[in-house]
>>> print(open('work34.pdb').read())   # PDB, C-alpha atoms
ATOM      1  CA  MET A 128      55.205   0.573-148.538
ATOM      2  CA  ASP A 129      55.822   0.492-152.290
ATOM      3  CA  PHE A 130      55.981  -2.655-154.431
ATOM      4  CA  LYS A 131      59.767  -3.092-154.293
ATOM      5  CA  ASP A 132      59.855  -2.734-150.501
ATOM      6  CA  LYS A 133      56.995  -5.176-150.060
ATOM      7  CA  TYR A 134      58.538  -7.685-152.443
ATOM      8  CA  ARG A 135      61.860  -7.375-150.621
ATOM      9  CA  LYS A 136      60.092  -7.913-147.293
ATOM     10  CA  TYR A 137      58.503 -11.141-148.510
ATOM     11  CA  VAL A 138      61.830 -12.397-149.888
ATOM     12  CA  GLU A 139      63.562 -11.635-146.582
ATOM     13  CA  ILE A 140      60.865 -13.526-144.661
ATOM     14  CA  THR A 141      61.347 -16.488-146.993
ATOM     15  CA  GLU A 142      65.136 -16.461-146.703
ATOM     16  CA  ARG A 143      65.009 -16.316-142.890
ATOM     17  CA  GLU A 144      62.590 -19.227-142.728
ATOM     18  CA  ILE A 145      64.640 -21.341-145.126
ATOM     19  CA  LYS A 146      67.821 -20.697-143.140
ATOM     20  CA  THR A 147      65.994 -21.667-139.944
ATOM     21  CA  LEU A 148      64.704 -24.903-141.436
ATOM     22  CA  PHE A 149      67.931 -25.928-143.193
ATOM     23  CA  ARG A 150      70.323 -26.408-140.312
ATOM     24  CA  ILE A 151      72.649 -29.148-141.488
ATOM     25  CA  LYS A 152      73.516 -31.661-138.776
ATOM     26  CA  GLU A 153      76.476 -34.020-138.482
ATOM     27  CA  LEU A 154      74.782 -37.130-139.776
ATOM     28  CA  PRO A 155      76.014 -40.058-141.895
ATOM     29  CA  GLN A 156      73.696 -38.780-144.669
ATOM     30  CA  ARG A 157      75.038 -35.227-144.414
ATOM     31  CA  ARG A 158      75.951 -35.123-148.103
ATOM     32  CA  VAL A 159      72.335 -35.301-149.237
ATOM     33  CA  THR A 160      71.258 -32.601-146.776
ATOM     34  CA  GLU A 161      74.101 -30.439-148.075
ATOM     35  CA  ALA A 162      72.878 -31.008-151.645
ATOM     36  CA  MET A 163      69.332 -30.100-150.591
ATOM     37  CA  CYS A 164      70.594 -26.921-148.966
ATOM     38  CA  TYR A 165      72.716 -26.087-152.027
ATOM     39  CA  ALA A 166      69.625 -26.292-154.194
ATOM     40  CA  VAL A 167      67.167 -24.342-152.055
ATOM     41  CA  CYS A 168      69.527 -21.794-150.479
ATOM     42  CA  GLY A 169      71.021 -20.644-153.775
ATOM     43  CA  GLY A 170      68.841 -17.580-154.228
ATOM     44  CA  GLY A 171      66.414 -17.154-157.086
ATOM     45  CA  LYS A 172      63.429 -14.883-157.595
ATOM     46  CA  ARG A 173      61.367 -16.571-154.832
ATOM     47  CA  ILE A 174      58.233 -15.763-156.831
ATOM     48  CA  ARG A 175      56.146 -18.615-155.437
ATOM     49  CA  PRO A 176      56.794 -17.995-151.728
ATOM     50  CA  VAL A 177      56.295 -14.273-152.315
ATOM     51  CA  MET A 178      52.878 -15.065-153.764
ATOM     52  CA  THR A 179      52.082 -17.331-150.812
ATOM     53  CA  LEU A 180      53.019 -14.656-148.302
ATOM     54  CA  ALA A 181      51.177 -11.884-150.160
ATOM     55  CA  SER A 182      48.056 -14.056-150.416
ATOM     56  CA  ALA A 183      48.220 -14.964-146.735
ATOM     57  CA  GLU A 184      48.572 -11.327-145.713
ATOM     58  CA  LEU A 185      45.662 -10.335-147.961
ATOM     59  CA  CYS A 186      43.486 -13.010-146.312
ATOM     60  CA  GLY A 187      44.445 -12.116-142.737
ATOM     61  CA  GLY A 188      46.698 -15.101-142.122
ATOM     62  CA  ASN A 189      49.365 -15.340-139.447
ATOM     63  CA  MET A 190      52.608 -14.404-141.193
ATOM     64  CA  THR A 191      54.808 -16.640-139.038
ATOM     65  CA  ASP A 192      52.728 -19.623-140.115
ATOM     66  CA  ALA A 193      52.606 -18.369-143.698
ATOM     67  CA  ALA A 194      56.417 -18.243-143.759
ATOM     68  CA  ARG A 195      56.584 -21.982-143.022
ATOM     69  CA  VAL A 196      54.036 -22.691-145.750
ATOM     70  CA  ALA A 197      55.954 -20.464-148.182
ATOM     71  CA  ALA A 198      59.198 -22.315-147.392
ATOM     72  CA  ALA A 199      57.464 -25.635-148.105
ATOM     73  CA  VAL A 200      56.256 -24.293-151.452
ATOM     74  CA  GLU A 201      59.815 -23.231-152.275
ATOM     75  CA  CYS A 202      61.128 -26.691-151.358
ATOM     76  CA  VAL A 203      58.737 -28.228-153.875
ATOM     77  CA  HIS A 204      59.782 -25.707-156.521
ATOM     78  CA  ASN A 205      63.473 -26.435-156.002
ATOM     79  CA  TYR A 206      62.910 -30.196-156.018
ATOM     80  CA  SER A 207      61.411 -29.742-159.485
ATOM     81  CA  LEU A 208      64.389 -27.659-160.643
ATOM     82  CA  VAL A 209      66.954 -30.192-159.399
ATOM     83  CA  HIS A 210      65.194 -33.016-161.239
ATOM     84  CA  ASP A 211      64.495 -30.874-164.312
ATOM     85  CA  ASP A 212      68.228 -30.145-164.659
ATOM     86  CA  LEU A 213      69.239 -33.838-164.613
ATOM     87  CA  PRO A 214      70.901 -35.376-167.682
ATOM     88  CA  CYS A 215      67.846 -37.597-168.221
ATOM     89  CA  MET A 216      65.607 -34.519-168.349
ATOM     90  CA  ASP A 217      66.890 -31.137-169.647
ATOM     91  CA  ASP A 218      70.582 -31.858-168.955
ATOM     92  CA  ASP A 219      71.432 -28.335-167.774
ATOM     93  CA  ASP A 220      74.790 -27.495-166.203
ATOM     94  CA  LEU A 221      73.970 -23.997-164.938
ATOM     95  CA  ARG A 222      71.201 -22.676-162.681
ATOM     96  CA  ARG A 223      71.086 -19.221-161.029
ATOM     97  CA  GLY A 224      74.632 -18.552-162.171
ATOM     98  CA  ARG A 225      75.997 -21.642-160.419
ATOM     99  CA  ALA A 226      76.675 -25.234-161.363
ATOM    100  CA  THR A 227      73.510 -27.311-161.118
ATOM    101  CA  CYS A 228      73.077 -29.703-158.228
ATOM    102  CA  HIS A 229      74.064 -32.832-160.169
ATOM    103  CA  LYS A 230      77.237 -31.155-161.468
ATOM    104  CA  VAL A 231      78.357 -30.456-157.898
ATOM    105  CA  TYR A 232      77.080 -33.515-156.031
ATOM    106  CA  GLY A 233      76.694 -36.106-158.762
ATOM    107  CA  GLU A 234      73.592 -37.358-160.526
ATOM    108  CA  ASP A 235      72.771 -39.962-157.869
ATOM    109  CA  MET A 236      72.905 -37.446-155.014
ATOM    110  CA  ALA A 237      70.913 -34.874-156.998
ATOM    111  CA  VAL A 238      68.095 -37.388-157.498
ATOM    112  CA  LEU A 239      68.067 -38.048-153.757
ATOM    113  CA  ALA A 240      68.311 -34.323-152.942
ATOM    114  CA  GLY A 241      65.251 -33.626-155.092
ATOM    115  CA  ASP A 242      63.410 -36.483-153.389
ATOM    116  CA  GLY A 243      64.520 -35.112-150.032
ATOM    117  CA  LEU A 244      63.238 -31.607-150.794
ATOM    118  CA  LEU A 245      59.834 -32.896-151.867
ATOM    119  CA  ASN A 246      59.510 -34.991-148.722
ATOM    120  CA  PHE A 247      60.817 -32.194-146.499
ATOM    121  CA  ALA A 248      58.077 -29.869-147.764
ATOM    122  CA  PHE A 249      55.463 -32.223-146.373
ATOM    123  CA  GLU A 250      57.434 -32.840-143.189
ATOM    124  CA  ILE A 251      57.243 -29.093-142.583
ATOM    125  CA  LEU A 252      53.523 -28.897-143.274
ATOM    126  CA  SER A 253      52.553 -31.994-141.305
ATOM    127  CA  ASP A 254      54.337 -30.869-138.119
ATOM    128  CA  ILE A 255      51.369 -29.147-136.498
ATOM    129  CA  SER A 256      53.493 -28.195-133.472
ATOM    130  CA  GLY A 257      55.424 -25.775-135.690
ATOM    131  CA  PHE A 258      52.358 -23.624-136.395
ATOM    132  CA  LYS A 259      50.792 -20.986-134.168
ATOM    133  CA  THR A 260      47.292 -20.606-135.623
ATOM    134  CA  LEU A 261      46.770 -23.155-138.401
ATOM    135  CA  ASP A 262      44.817 -26.186-137.290
ATOM    136  CA  ALA A 263      44.965 -29.754-138.590
ATOM    137  CA  GLY A 264      42.117 -29.175-141.046
ATOM    138  CA  GLN A 265      43.784 -26.153-142.623
ATOM    139  CA  LEU A 266      47.109 -27.967-142.862
ATOM    140  CA  VAL A 267      45.498 -30.985-144.521
ATOM    141  CA  SER A 268      43.948 -28.625-147.094
ATOM    142  CA  ILE A 269      47.335 -26.995-147.722
ATOM    143  CA  ILE A 270      49.034 -30.390-148.023
ATOM    144  CA  SER A 271      46.333 -31.583-150.426
ATOM    145  CA  THR A 272      46.701 -28.448-152.556
ATOM    146  CA  LEU A 273      50.483 -28.675-152.749
ATOM    147  CA  SER A 274      50.668 -32.439-153.318
ATOM    148  CA  ASN A 275      48.103 -32.242-156.114
ATOM    149  CA  ALA A 276      50.037 -29.436-157.799
ATOM    150  CA  SER A 277      53.320 -31.342-157.611
ATOM    151  CA  GLY A 278      52.038 -34.788-158.607
ATOM    152  CA  ALA A 279      50.992 -36.603-161.772
ATOM    153  CA  LEU A 280      48.027 -34.246-162.203
ATOM    154  CA  GLY A 281      50.314 -31.228-161.814
ATOM    155  CA  MET A 282      54.029 -30.651-162.370
ATOM    156  CA  ILE A 283      54.962 -34.279-162.996
ATOM    157  CA  GLY A 284      52.186 -34.565-165.545
ATOM    158  CA  GLY A 285      53.448 -31.448-167.270
ATOM    159  CA  GLN A 286      56.986 -32.826-167.341
ATOM    160  CA  VAL A 287      55.738 -36.065-168.933
ATOM    161  CA  VAL A 288      54.016 -34.096-171.696
ATOM    162  CA  ASP A 289      57.150 -31.964-172.082
ATOM    163  CA  LEU A 290      59.274 -35.067-172.685
ATOM    164  CA  ALA A 291      56.693 -36.463-175.090
ATOM    165  CA  CYS A 292      56.784 -33.241-177.118
ATOM    166  CA  GLU A 293      60.565 -33.113-177.552
ATOM    167  CA  ASN A 294      61.865 -33.264-181.129
ATOM    168  CA  ARG A 295      58.333 -33.102-182.554
ATOM    169  CA  SER A 296      57.493 -30.653-185.309
ATOM    170  CA  ASP A 297      53.725 -31.049-184.936
ATOM    171  CA  VAL A 298      53.185 -29.812-181.372
ATOM    172  CA  THR A 299      49.985 -27.769-181.209
ATOM    173  CA  LEU A 300      49.204 -24.672-179.178
ATOM    174  CA  ASP A 301      46.683 -26.655-177.143
ATOM    175  CA  GLU A 302      49.383 -29.189-176.217
ATOM    176  CA  LEU A 303      51.776 -26.406-175.265
ATOM    177  CA  LEU A 304      49.143 -24.709-173.121
ATOM    178  CA  TYR A 305      48.305 -27.983-171.373
ATOM    179  CA  LEU A 306      52.002 -28.696-170.784
ATOM    180  CA  HIS A 307      52.713 -25.368-169.123
ATOM    181  CA  ALA A 308      49.419 -25.139-167.232
ATOM    182  CA  HIS A 309      50.723 -28.183-165.392
ATOM    183  CA  LYS A 310      54.518 -27.961-165.424
ATOM    184  CA  THR A 311      54.690 -24.231-164.595
ATOM    185  CA  GLY A 312      51.194 -23.023-163.781
ATOM    186  CA  ALA A 313      50.121 -25.675-161.262
ATOM    187  CA  LEU A 314      52.612 -24.624-158.585
ATOM    188  CA  ILE A 315      52.022 -20.914-159.154
ATOM    189  CA  ARG A 316      48.304 -21.452-158.585
ATOM    190  CA  ALA A 317      49.030 -23.646-155.568
ATOM    191  CA  ALA A 318      51.239 -20.922-154.093
ATOM    192  CA  VAL A 319      48.347 -18.450-153.879
ATOM    193  CA  ARG A 320      45.847 -21.094-152.797
ATOM    194  CA  CYS A 321      48.116 -22.170-149.937
ATOM    195  CA  GLY A 322      48.523 -18.541-148.908
ATOM    196  CA  CYS A 323      44.772 -18.003-148.868
ATOM    197  CA  LEU A 324      44.343 -21.177-146.803
ATOM    198  CA  CYS A 325      46.545 -19.572-144.134
ATOM    199  CA  GLY A 326      43.747 -17.068-143.606
ATOM    200  CA  SER A 327      40.033 -16.931-144.262
ATOM    201  CA  GLY A 328      39.755 -15.638-147.798
ATOM    202  CA  VAL A 329      37.362 -17.870-149.720
ATOM    203  CA  GLU A 330      36.329 -15.199-152.230
ATOM    204  CA  GLU A 331      39.857 -13.813-152.447
ATOM    205  CA  SER A 332      41.111 -17.309-153.224
ATOM    206  CA  LYS A 333      38.793 -17.576-156.241
ATOM    207  CA  VAL A 334      39.966 -14.225-157.556
ATOM    208  CA  LEU A 335      43.648 -15.005-157.029
ATOM    209  CA  ASP A 336      43.275 -18.428-158.625
ATOM    210  CA  ASN A 337      42.056 -16.811-161.848
ATOM    211  CA  TYR A 338      44.861 -14.285-161.601
ATOM    212  CA  ALA A 339      47.481 -16.985-161.049
ATOM    213  CA  GLU A 340      46.244 -19.031-163.992
ATOM    214  CA  SER A 341      46.983 -16.183-166.420
ATOM    215  CA  LEU A 342      50.123 -15.122-164.559
ATOM    216  CA  GLY A 343      51.556 -18.651-164.810
ATOM    217  CA  LEU A 344      51.071 -18.654-168.568
ATOM    218  CA  ALA A 345      52.577 -15.185-168.913
ATOM    219  CA  PHE A 346      55.529 -16.293-166.762
ATOM    220  CA  GLN A 347      56.253 -19.201-169.117
ATOM    221  CA  ILE A 348      55.898 -17.133-172.278
ATOM    222  CA  LYS A 349      58.385 -14.641-170.829
ATOM    223  CA  ASP A 350      60.777 -17.492-170.030
ATOM    224  CA  ASP A 351      60.540 -18.689-173.632
ATOM    225  CA  ILE A 352      61.238 -15.181-174.919
ATOM    226  CA  LEU A 353      64.216 -14.745-172.590
ATOM    227  CA  ASP A 354      65.619 -18.064-173.811
ATOM    228  CA  VAL A 355      66.064 -16.277-177.145
ATOM    229  CA  THR A 356      66.707 -12.653-176.183
ATOM    230  CA  GLY A 357      68.227 -12.911-172.717
ATOM    231  CA  SER A 358      71.803 -12.788-171.485
ATOM    232  CA  GLU A 359      73.358 -15.816-169.795
ATOM    233  CA  GLY A 360      75.039 -13.506-167.301
ATOM    234  CA  VAL A 361      71.695 -12.032-166.261
ATOM    235  CA  LEU A 362      69.608 -15.197-166.516
ATOM    236  CA  GLY A 363      72.168 -17.328-164.704
ATOM    237  CA  LYS A 364      71.605 -20.193-167.154
ATOM    238  CA  PRO A 365      72.393 -20.900-170.826
ATOM    239  CA  VAL A 366      70.430 -19.080-173.509
ATOM    240  CA  GLY A 367      68.988 -21.105-176.383
ATOM    241  CA  SER A 368      68.934 -24.376-174.465
ATOM    242  CA  ASP A 369      65.255 -25.064-175.271
ATOM    243  CA  VAL A 370      65.887 -25.119-179.015
ATOM    244  CA  GLU A 371      69.007 -27.243-178.559
ATOM    245  CA  CYS A 372      66.919 -29.783-176.637
ATOM    246  CA  GLY A 373      64.346 -29.913-179.429
ATOM    247  CA  LYS A 374      61.622 -28.253-177.379
ATOM    248  CA  THR A 375      58.661 -26.414-178.830
ATOM    249  CA  THR A 376      58.262 -23.034-177.154
ATOM    250  CA  PHE A 377      55.833 -20.167-177.560
ATOM    251  CA  VAL A 378      58.494 -18.419-179.640
ATOM    252  CA  THR A 379      59.195 -21.344-181.967
ATOM    253  CA  LEU A 380      55.475 -22.045-182.376
ATOM    254  CA  LEU A 381      54.109 -18.507-182.676
ATOM    255  CA  GLY A 382      57.137 -16.416-183.604
ATOM    256  CA  MET A 383      58.583 -13.624-181.482
ATOM    257  CA  GLU A 384      56.009 -10.974-182.390
ATOM    258  CA  ARG A 385      52.936 -13.106-181.654
ATOM    259  CA  ALA A 386      54.523 -14.559-178.515
ATOM    260  CA  SER A 387      55.250 -11.045-177.222
ATOM    261  CA  LYS A 388      51.644  -9.973-177.861
ATOM    262  CA  TYR A 389      50.411 -13.125-176.136
ATOM    263  CA  LEU A 390      52.597 -12.276-173.144
ATOM    264  CA  VAL A 391      51.113  -8.790-172.833
ATOM    265  CA  SER A 392      47.586 -10.127-173.315
ATOM    266  CA  GLU A 393      47.912 -12.732-170.529
ATOM    267  CA  THR A 394      49.516 -10.169-168.212
ATOM    268  CA  GLU A 395      46.587  -7.812-168.753
ATOM    269  CA  LYS A 396      44.156 -10.708-168.269
ATOM    270  CA  ALA A 397      45.819 -11.517-164.927
ATOM    271  CA  LYS A 398      45.529  -7.914-163.802
ATOM    272  CA  ALA A 399      41.894  -7.677-164.932
ATOM    273  CA  ALA A 400      41.070 -10.737-162.802
ATOM    274  CA  LEU A 401      42.065  -8.711-159.713
ATOM    275  CA  LYS A 402      39.320  -6.116-160.181
ATOM    276  CA  PRO A 403      37.058  -7.525-157.397
ATOM    277  CA  LEU A 404      39.879  -6.946-154.888
ATOM    278  CA  GLY A 405      40.107  -3.208-155.525
ATOM    279  CA  LYS A 406      43.145  -1.591-153.890
ATOM    280  CA  LYS A 407      43.914  -4.834-152.037
ATOM    281  CA  GLY A 408      45.025  -6.312-155.354
ATOM    282  CA  GLU A 409      47.599  -3.622-156.140
ATOM    283  CA  PHE A 410      50.638  -5.664-155.111
ATOM    284  CA  PHE A 411      49.577  -8.552-157.351
ATOM    285  CA  ALA A 412      48.976  -6.218-160.297
ATOM    286  CA  GLU A 413      52.423  -4.691-159.836
ATOM    287  CA  LEU A 414      53.899  -8.178-159.549
ATOM    288  CA  ALA A 415      52.412  -9.024-162.952
ATOM    289  CA  ASP A 416      54.024  -5.914-164.461
ATOM    290  CA  PHE A 417      57.312  -6.712-162.725
ATOM    291  CA  LEU A 418      57.364 -10.208-164.227
ATOM    292  CA  LEU A 419      56.399  -8.829-167.639
ATOM    293  CA  LYS A 420      59.430  -6.512-167.673
ATOM    294  CA  ARG A 421      61.942  -8.840-166.009
ATOM    295  CA  GLU A 422      65.170  -9.709-167.758
ATOM    296  CA  PHE A 423      66.077 -12.653-165.514
TER     297      PHE A 423
END
>>> encode(input="work34.pdb", output="structure tokens")
Amino acid sequence: MDFKDKYRKYVEITEREIKTLFRIKELPQRRVTEAMCYAVCGGGKRIRPVMTLASAELCGGNMTDAARVAAAVECVHNYSLVHDDLPCMDDDDLRRGRATCHKVYGEDMAVLAGDGLLNFAFEILSDISGFKTLDAGQLVSIISTLSNASGALGMIGGQVVDLACENRSDVTLDELLYLHAHKTGALIRAAVRCGCLCGSGVEESKVLDNYAESLGLAFQIKDDILDVTGSEGVLGKPVGSDVECGKTTFVTLLGMERASKYLVSETEKAKAALKPLGKKGEFFAELADFLLKREF
């Protein structure tokens, strides 16, 4: 199976699991569950759950269980997007080619939908009856990994630094690296760690953690480049919004040429980290190249 087929397989597994989990019921609070579903069922690259599933398969994990873990990871990711798009944060009106959650459901409901997605991720993971092979100890480790990545020491911490850096002309490279290691990189690293925890890959987990650290940085640099060079029709969101919001990006700090070289360097660093895996790391290496060349 080539890279595209394997990637497509992982996305299909993710989509099936999400559809299974998000069955909207006739409840008085139906509007918030609809908003949650709108956010998480609206497509996207599904990079994080793909990485969870690929890591789980590499480490011999049960793929039915891994699908539930991957769906939980995607819930956390989409919670962060819903809140990131809010007027009090980045104030974005478009996401994945559609109106953002708060534009459709209102700011109050979007806040609650984001809260609901974050909580639902841990409802999924803490329901041991929903898993075939993962025991309580493994699930606690997965929950710990994901909660740490999404909390004040992870994504939330990165968002705080992001807000603190807005409209500043003196942001340093070290600050920018710290910001994105937490806001973007923490969940990407957690995605592979959670996948490895579905199986028994201690050594593989160490290798993939190093890989994910560089991949997360490369992913963000590419996002910053696409915010300048991309097409709104392809990206599904406005181009140039970072500069309009007064954000320092890798492009504004380093310039396009240096940022592009940095992107290639981190991509190669991610791929080099996979060397101990041999042929078993081929999918991850191809994923790094895929993300390097993406236009969305």
>>> resolve_selection(input="work34.pdb", expression="the PyMOL selection byres ((chain A and resi 370-375) around 10)", output="compact mmCIF listing (two decimals) with C-alpha atoms, keeping the file's coordinate frame")
# COMPACT_ATOMS: atom_id res chain seq x y z
CA MET A 216 65.61 -34.52 -168.35
CA ASP A 217 66.89 -31.14 -169.65
CA ASP A 218 70.58 -31.86 -168.96
CA ASP A 289 57.15 -31.96 -172.08
CA LEU A 290 59.27 -35.07 -172.68
CA ALA A 291 56.69 -36.46 -175.09
CA CYS A 292 56.78 -33.24 -177.12
CA GLU A 293 60.56 -33.11 -177.55
CA ASN A 294 61.86 -33.26 -181.13
CA ARG A 295 58.33 -33.10 -182.55
CA SER A 296 57.49 -30.65 -185.31
CA ASP A 297 53.72 -31.05 -184.94
CA VAL A 298 53.18 -29.81 -181.37
CA THR A 299 49.98 -27.77 -181.21
CA LEU A 300 49.20 -24.67 -179.18
CA LEU A 303 51.78 -26.41 -175.26
CA ASP A 351 60.54 -18.69 -173.63
CA ASP A 354 65.62 -18.06 -173.81
CA VAL A 355 66.06 -16.28 -177.14
CA VAL A 366 70.43 -19.08 -173.51
CA GLY A 367 68.99 -21.10 -176.38
CA SER A 368 68.93 -24.38 -174.46
CA ASP A 369 65.26 -25.06 -175.27
CA THR A 376 58.26 -23.03 -177.15
CA PHE A 377 55.83 -20.17 -177.56
CA VAL A 378 58.49 -18.42 -179.64
CA THR A 379 59.20 -21.34 -181.97
CA LEU A 380 55.48 -22.04 -182.38
CA LEU A 381 54.11 -18.51 -182.68
>>> residues_around(input="work34.pdb", residues="segment 265-281 of chain A", least_positions_apart="6", cutoff="7 Å", atoms="only C-alpha atoms", output="NGL selection string")
:A and (249 or 252-253 or 309-310 or 313-314 or 317 or 321 or 324)
>>> write_last_selection(input="work34.pdb", atoms="C-alpha atoms", output="PDB file, in the coordinates of the input")
ATOM      1  CA  PHE A 249      55.463 -32.223-146.373  1.00  0.00           C
ATOM      2  CA  LEU A 252      53.523 -28.897-143.274  1.00  0.00           C
ATOM      3  CA  SER A 253      52.553 -31.994-141.305  1.00  0.00           C
ATOM      4  CA  HIS A 309      50.723 -28.183-165.392  1.00  0.00           C
ATOM      5  CA  LYS A 310      54.518 -27.961-165.424  1.00  0.00           C
ATOM      6  CA  ALA A 313      50.121 -25.675-161.262  1.00  0.00           C
ATOM      7  CA  LEU A 314      52.612 -24.624-158.585  1.00  0.00           C
ATOM      8  CA  ALA A 317      49.030 -23.646-155.568  1.00  0.00           C
ATOM      9  CA  CYS A 321      48.116 -22.170-149.937  1.00  0.00           C
ATOM     10  CA  LEU A 324      44.343 -21.177-146.803  1.00  0.00           C
TER      11      LEU A 324
END
>>> atom_distance(input="work34.pdb", atom1="atom CA of Pro155 of chain A", atom2="atom CA of Thr141 of chain A")
28.2 Å
>>> resolve_selection(input="work34.pdb", expression="the PyMOL selection byres ((chain A and resi 139) around 12)", output="PDB file with C-alpha atoms, keeping the file's coordinate frame")
ATOM      1  CA  ASP A 132      59.855  -2.734-150.501  1.00  0.00           C
ATOM      2  CA  LYS A 133      56.995  -5.176-150.060  1.00  0.00           C
ATOM      3  CA  TYR A 134      58.538  -7.685-152.443  1.00  0.00           C
ATOM      4  CA  ARG A 135      61.860  -7.375-150.621  1.00  0.00           C
ATOM      5  CA  LYS A 136      60.092  -7.913-147.293  1.00  0.00           C
ATOM      6  CA  TYR A 137      58.503 -11.141-148.510  1.00  0.00           C
ATOM      7  CA  VAL A 138      61.830 -12.397-149.888  1.00  0.00           C
ATOM      8  CA  ILE A 140      60.865 -13.526-144.661  1.00  0.00           C
ATOM      9  CA  THR A 141      61.347 -16.488-146.993  1.00  0.00           C
ATOM     10  CA  GLU A 142      65.136 -16.461-146.703  1.00  0.00           C
ATOM     11  CA  ARG A 143      65.009 -16.316-142.890  1.00  0.00           C
ATOM     12  CA  GLU A 144      62.590 -19.227-142.728  1.00  0.00           C
ATOM     13  CA  ILE A 145      64.640 -21.341-145.126  1.00  0.00           C
ATOM     14  CA  LYS A 146      67.821 -20.697-143.140  1.00  0.00           C
ATOM     15  CA  GLY A 170      68.841 -17.580-154.228  1.00  0.00           C
ATOM     16  CA  LYS A 172      63.429 -14.883-157.595  1.00  0.00           C
ATOM     17  CA  ARG A 173      61.367 -16.571-154.832  1.00  0.00           C
ATOM     18  CA  PRO A 176      56.794 -17.995-151.728  1.00  0.00           C
ATOM     19  CA  VAL A 177      56.295 -14.273-152.315  1.00  0.00           C
ATOM     20  CA  LEU A 180      53.019 -14.656-148.302  1.00  0.00           C
ATOM     21  CA  ALA A 194      56.417 -18.243-143.759  1.00  0.00           C
ATOM     22  CA  ALA A 197      55.954 -20.464-148.182  1.00  0.00           C
ATOM     23  CA  ALA A 198      59.198 -22.315-147.392  1.00  0.00           C
TER      24      ALA A 198
END
>>> residues_around(input="work34.pdb", residues="segment 213-215 of chain A", least_positions_apart="4", cutoff="7 Å", atoms="all atoms listed in the file", output="PyMOL selection string")
chain A and resi 209+219+229+234
>>> atom_distance(input="work34.pdb", atom1="atom CA of Cys325 of chain A", atom2="atom CA of Ser182 of chain A")
8.5 Å
>>> atom_distance(input="work34.pdb", atom1="atom CA of Asp254 of chain A", atom2="atom CA of Val203 of chain A")
16.6 Å
>>> resolve_selection(input="work34.pdb", expression="the PyMOL selection byres ((chain A and resi 326) around 10)", output="short mmCIF file (atom, residue, chain, number, x, y, z; two decimals) with C-alpha atoms, keeping the file's coordinate frame")
data_model
loop_
_atom_site.label_atom_id
_atom_site.label_comp_id
_atom_site.auth_asym_id
_atom_site.auth_seq_id
_atom_site.Cartn_x
_atom_site.Cartn_y
_atom_site.Cartn_z
CA SER A 182 48.06 -14.06 -150.42
CA ALA A 183 48.22 -14.96 -146.74
CA GLU A 184 48.57 -11.33 -145.71
CA LEU A 185 45.66 -10.34 -147.96
CA CYS A 186 43.49 -13.01 -146.31
CA GLY A 187 44.44 -12.12 -142.74
CA GLY A 188 46.70 -15.10 -142.12
CA ASN A 189 49.36 -15.34 -139.45
CA MET A 190 52.61 -14.40 -141.19
CA ASP A 192 52.73 -19.62 -140.12
CA ALA A 193 52.61 -18.37 -143.70
CA THR A 260 47.29 -20.61 -135.62
CA LEU A 261 46.77 -23.16 -138.40
CA GLN A 265 43.78 -26.15 -142.62
CA CYS A 321 48.12 -22.17 -149.94
CA GLY A 322 48.52 -18.54 -148.91
CA CYS A 323 44.77 -18.00 -148.87
CA LEU A 324 44.34 -21.18 -146.80
CA CYS A 325 46.54 -19.57 -144.13
CA SER A 327 40.03 -16.93 -144.26
CA GLY A 328 39.76 -15.64 -147.80
CA VAL A 329 37.36 -17.87 -149.72
CA SER A 332 41.11 -17.31 -153.22
#
>>> closest_residue(input="work34.pdb", among="A:Ala181, A:Val231, A:Met163, A:Ala248", to="Val200 of chain A", atoms="all atoms listed in the file")
A:Ala248
>>> residues_around(input="work34.pdb", residues="Ala345 of chain A", least_positions_apart="3", cutoff="7 Å", atoms="only C-alpha atoms", output="mmCIF file with C-alpha atoms, keeping the file's coordinate frame")
data_model
loop_
_atom_site.group_PDB
_atom_site.id
_atom_site.type_symbol
_atom_site.label_atom_id
_atom_site.label_comp_id
_atom_site.auth_asym_id
_atom_site.auth_seq_id
_atom_site.Cartn_x
_atom_site.Cartn_y
_atom_site.Cartn_z
ATOM 1 C CA SER A 341 46.983 -16.183 -166.420
ATOM 2 C CA LEU A 342 50.123 -15.122 -164.559
ATOM 3 C CA ILE A 348 55.898 -17.133 -172.278
ATOM 4 C CA LYS A 349 58.385 -14.641 -170.829
ATOM 5 C CA LEU A 390 52.597 -12.276 -173.144
ATOM 6 C CA GLU A 393 47.912 -12.732 -170.529
ATOM 7 C CA THR A 394 49.516 -10.169 -168.212
#
>>> residues_around(input="work34.pdb", residues="Gly312 of chain A", least_positions_apart="5", cutoff="7 Å", atoms="all atoms listed in the file", output="NGL selection string")
:A and (307 or 340 or 343-344)
>>> closest_residue(input="work34.pdb", among="A:Pro403, A:Gly363, A:Gly241, A:Gly224", to="Lys333 of chain A", atoms="all atoms listed in the file")
A:Pro403
>>> closest_residue(input="work34.pdb", among="A:Asp242, A:Val319, A:Val196, A:Ala386", to="Phe258 of chain A", atoms="only C-alpha atoms")
A:Val196
>>> closest_residue(input="work34.pdb", among="A:Gly405, A:Val391, A:Thr179, A:His204", to="Asp336 of chain A", atoms="only C-alpha atoms")
A:Thr179
>>> axis_aligned_box(input="work34.pdb", around="segment 131-147 of chain A", padding_each_side="4 Å", output="JSON")
{"center_x": 62.4, "center_y": -12.2, "center_z": -147.1, "size_x": 18.8, "size_y": 26.9, "size_z": 22.3}
>>> decode(input="work34.pdb", residues="segment 153-162 of chain A", atoms="C-alpha atoms", output="short mmCIF file (atom, residue, chain, number, x, y, z; two decimals), in the first residue's frame")
data_model
loop_
_atom_site.label_atom_id
_atom_site.label_comp_id
_atom_site.auth_asym_id
_atom_site.auth_seq_id
_atom_site.Cartn_x
_atom_site.Cartn_y
_atom_site.Cartn_z
CA GLU A 153 -33.08 15.02 20.75
CA LEU A 154 -32.06 16.78 23.92
CA PRO A 155 -32.82 20.25 25.31
CA GLN A 156 -29.11 21.07 24.79
CA ARG A 157 -29.16 19.83 21.19
CA ARG A 158 -27.85 23.14 19.85
CA VAL A 159 -24.48 22.75 21.54
CA THR A 160 -24.10 19.16 20.34
CA GLU A 161 -24.92 20.36 16.83
CA ALA A 162 -22.23 23.05 17.14
#
